[in-house]
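> Pasting a structure here, questions to come.
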Amino acid sequence: MYQFVETIQLKNGKPMLIDLHQQRLERTFNFFKEKNILCIKIIINNYIEKQDISINDTYKLRFLYNLDANYSIQITPYQTPKIEQFSLIEDNDIEYSFKSTDRIIFDRLKSRAIGEIIIVKNGFVTDTSFSNVIFLKDNIWYTPKTYLFNGVQRQHLIASNQIQEADIKASDIKSYSHIKIINALNPIDNSCTYPIDKITNASYY
């Protein structure tokens with residue numbers, strides 16, 4: 001049974017941020033003290049060469065693997081999601097340190113909310129059910145220090161000084177003007193920008 005997954009954007013026929021995906025996979029293997037580390041850059045490039053894909057389209061590639069170094073690959077066309085509304089939802093016990101195929105905790109939280117969720121832990125904003133988030137204030141994009149999962153897009157944008165980290169409480173949200181979701185498939189330039197009032201229950205905090 002596959003436990004872990006790397007979700008990778010294919011754009012212009014190439015895997016994006018592949019080195020950061022490799023580093024995350026290696027951290028997973030090292031954490032569990034497993035030595036048969038996969039080289040996903042080689043595996044994926046060999047896979048892409050055999051596929052009939054358009055360099056003009058964007059694809060979602062799911063690289064599923066386990067600690068025995070077994071893996072499989074799924075590829076589908078991808079379009080940027082448009083979210084109708086967000087809801088803050090609290091869970092002070094949630095942990096999501098490794099990107100896995102187990103989504104039960106997120107499904108449970110989403111069943112209690114309308115629209116996409118933004119998870120609040122101990123009063124601080126973390127992530128949505130599938131992405132990191134960034135908030136706009138005075139022409140600067142900020143991302144919560146209190147993330148659940150340090151996504152590759154988040155790492156890239158911080159390293160390239162496109163976003164900054166900040167402590168963001170749920171009660172701080174109203175001081176920001178806009179929100180975006182970011183992940184491997186949604187870079188900052190392609191992600192939709194939403195007014196902060198799309199977070200329908202922010203005023204309750």
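Within each chain, counting starts at residue 1; across the structure tokens, chains are named A, B, ... in the order shown, with ligands numbered 1 upward in that order.
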So which residues touch region 6-20 of chain A within 6 Å, counting only C-alpha atoms, skipping near sequence neighbours fewer than 5 positions away, as an MDAnalysis selection string?

chainID A and resid 55:56 58:63 152 184:185

> Counting only C-alpha atoms, which residues of region 28-103 of chain A sit at most 7 Å from some atom of region 194-205 of chain A, and what is each one's closest atom pair with its distance in Å to one decimal, listed by chain and rising residue number, as JSON lines?


{"residue": "A:Gln85", "atom": "CA", "partner": "A:Lys198", "partner_atom": "CA", "distance": 4.9}
{"residue": "A:Phe86", "atom": "CA", "partner": "A:Ile199", "partner_atom": "CA", "distance": 4.5}
{"residue": "A:Ser87", "atom": "CA", "partner": "A:Ile199", "partner_atom": "CA", "distance": 5.5}
{"residue": "A:Leu88", "atom": "CA", "partner": "A:Asn201", "partner_atom": "CA", "distance": 6.4}

> Would you output that residue set with C-alpha atoms, as a PDB file, in the first residue's frame?


ATOM      1  CA  GLN A  85     -15.482  30.573  -0.423  1.00  0.00           C
ATOM      2  CA  PHE A  86     -13.246  29.687   2.503  1.00  0.00           C
ATOM      3  CA  SER A  87     -14.151  28.745   6.066  1.00  0.00           C
ATOM      4  CA  LEU A  88     -11.914  28.850   9.121  1.00  0.00           C
TER       5      LEU A  88
END

> Nearest to Gln74 (chain A) among A:Asp172, A:Ser131, A:Val5, A:Ala113, with distances taken over only C-alpha atoms: which residue is it?

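Nearest to Gln74 (chain A): A:Val5.
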
> I'd like to know which residues of region 5-165 of chain A are helix (DSSP H, G or I) (by DSSP, run on the backbone); could you write them as an MDAnalysis selection string?

chainID A and resid 18:31 40:49 104:110 152:159

> Step one, run DSSP on the backbone; step two, keep only residues of region 3-179 of chain A assigned to strand (DSSP E); then write them as an MDAnalysis selection string.

chainID A and resid 4:11 14:15 58:65 71:77 86:90 116:121 124:128 132:137 140:144 164:166 178:179

> Report, in Å with one decimal, the straight-line distance from CA of Ser72 (chain A) to CA of Phe29 (chain A).

16.8 Å

> Kindly indicate which residue among A:Thr128, A:Leu148, A:Ile173, A:Gln79 lies nearest to Lys99 (chain A), using only C-alpha atoms for the distances.

A:Leu148

> Which polymer residues have any atom within 8 Å of an atom of Asn92 (chain A), counting only C-alpha atoms, with same-chain residues fewer than 3 positions away left out, as JSON, numbers by chain?

{"A": [120, 121, 122]}

> Applying 9 Å and only C-alpha atoms, which residues near Cys39 (chain A) remain after dropping the ones on its own chain fewer than 6 positions away? List them as a list in words.

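The residues that qualify are Gln22, Leu25 and Glu26 of chain A.
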
> Could the residues in this selection be saved with all heavy atoms as a PDB file, in the first residue's frame?


ATOM      1  N   GLN A  22      12.625  16.199  -4.627  1.00  0.00           N
ATOM      2  CA  GLN A  22      13.614  15.176  -4.284  1.00  0.00           C
ATOM      3  C   GLN A  22      14.089  15.336  -2.844  1.00  0.00           C
ATOM      4  O   GLN A  22      14.205  14.361  -2.094  1.00  0.00           O
ATOM      5  CB  GLN A  22      14.803  15.251  -5.241  1.00  0.00           C
ATOM      6  CG  GLN A  22      15.898  14.231  -4.958  1.00  0.00           C
ATOM      7  CD  GLN A  22      15.471  12.803  -5.240  1.00  0.00           C
ATOM      8  OE1 GLN A  22      14.761  12.549  -6.206  1.00  0.00           O
ATOM      9  NE2 GLN A  22      15.896  11.866  -4.404  1.00  0.00           N
ATOM     10  N   LEU A  25      11.412  14.041  -0.491  1.00  0.00           N
ATOM     11  CA  LEU A  25      11.394  12.578  -0.482  1.00  0.00           C
ATOM     12  C   LEU A  25      12.558  12.040   0.347  1.00  0.00           C
ATOM     13  O   LEU A  25      12.382  11.110   1.144  1.00  0.00           O
ATOM     14  CB  LEU A  25      11.463  12.067  -1.921  1.00  0.00           C
ATOM     15  CG  LEU A  25      11.486  10.546  -2.118  1.00  0.00           C
ATOM     16  CD1 LEU A  25      10.737  10.170  -3.394  1.00  0.00           C
ATOM     17  CD2 LEU A  25      12.930  10.025  -2.213  1.00  0.00           C
ATOM     18  N   GLU A  26      13.732  12.620   0.186  1.00  0.00           N
ATOM     19  CA  GLU A  26      14.902  12.155   0.940  1.00  0.00           C
ATOM     20  C   GLU A  26      14.718  12.377   2.434  1.00  0.00           C
ATOM     21  O   GLU A  26      15.126  11.539   3.250  1.00  0.00           O
ATOM     22  CB  GLU A  26      16.157  12.863   0.430  1.00  0.00           C
ATOM     23  CG  GLU A  26      16.556  12.432  -0.972  1.00  0.00           C
ATOM     24  CD  GLU A  26      17.760  13.193  -1.515  1.00  0.00           C
ATOM     25  OE1 GLU A  26      18.338  14.007  -0.751  1.00  0.00           O
ATOM     26  OE2 GLU A  26      18.118  12.959  -2.679  1.00  0.00           O
TER      27      GLU A  26
END

> Which value, in Å to one decimal, gives the distance between CA of Thr146 (chain A) and CA of Thr126 (chain A)?

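Here the two named atoms are 5.3 Å from each other.
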
> Write out as a list in words which residues come within 6 Å of Gln153 (chain A) when counting only C-alpha atoms, dropping same-chain ones fewer than 2 positions away.

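Once the adjacent positions are removed, what remains is Gly151, Gln155, His156, Asn183 and Ala184 of chain A.
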
> Write out as number ranges by chain each polymer residue whose atoms come within 12 Å of Asn132 (chain A), counting only C-alpha atoms; drop sequence neighbours fewer than 3 positions from it.

A: 117-119, 125-129, 135, 142-155, 157, 163, 165, 179-188, 191

> Could you tell me how far CA of Ile168 (chain A) lies from CA of Asn139 (chain A), in Å and to one decimal?

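Distance reported for this atom pair: 16.5 Å.
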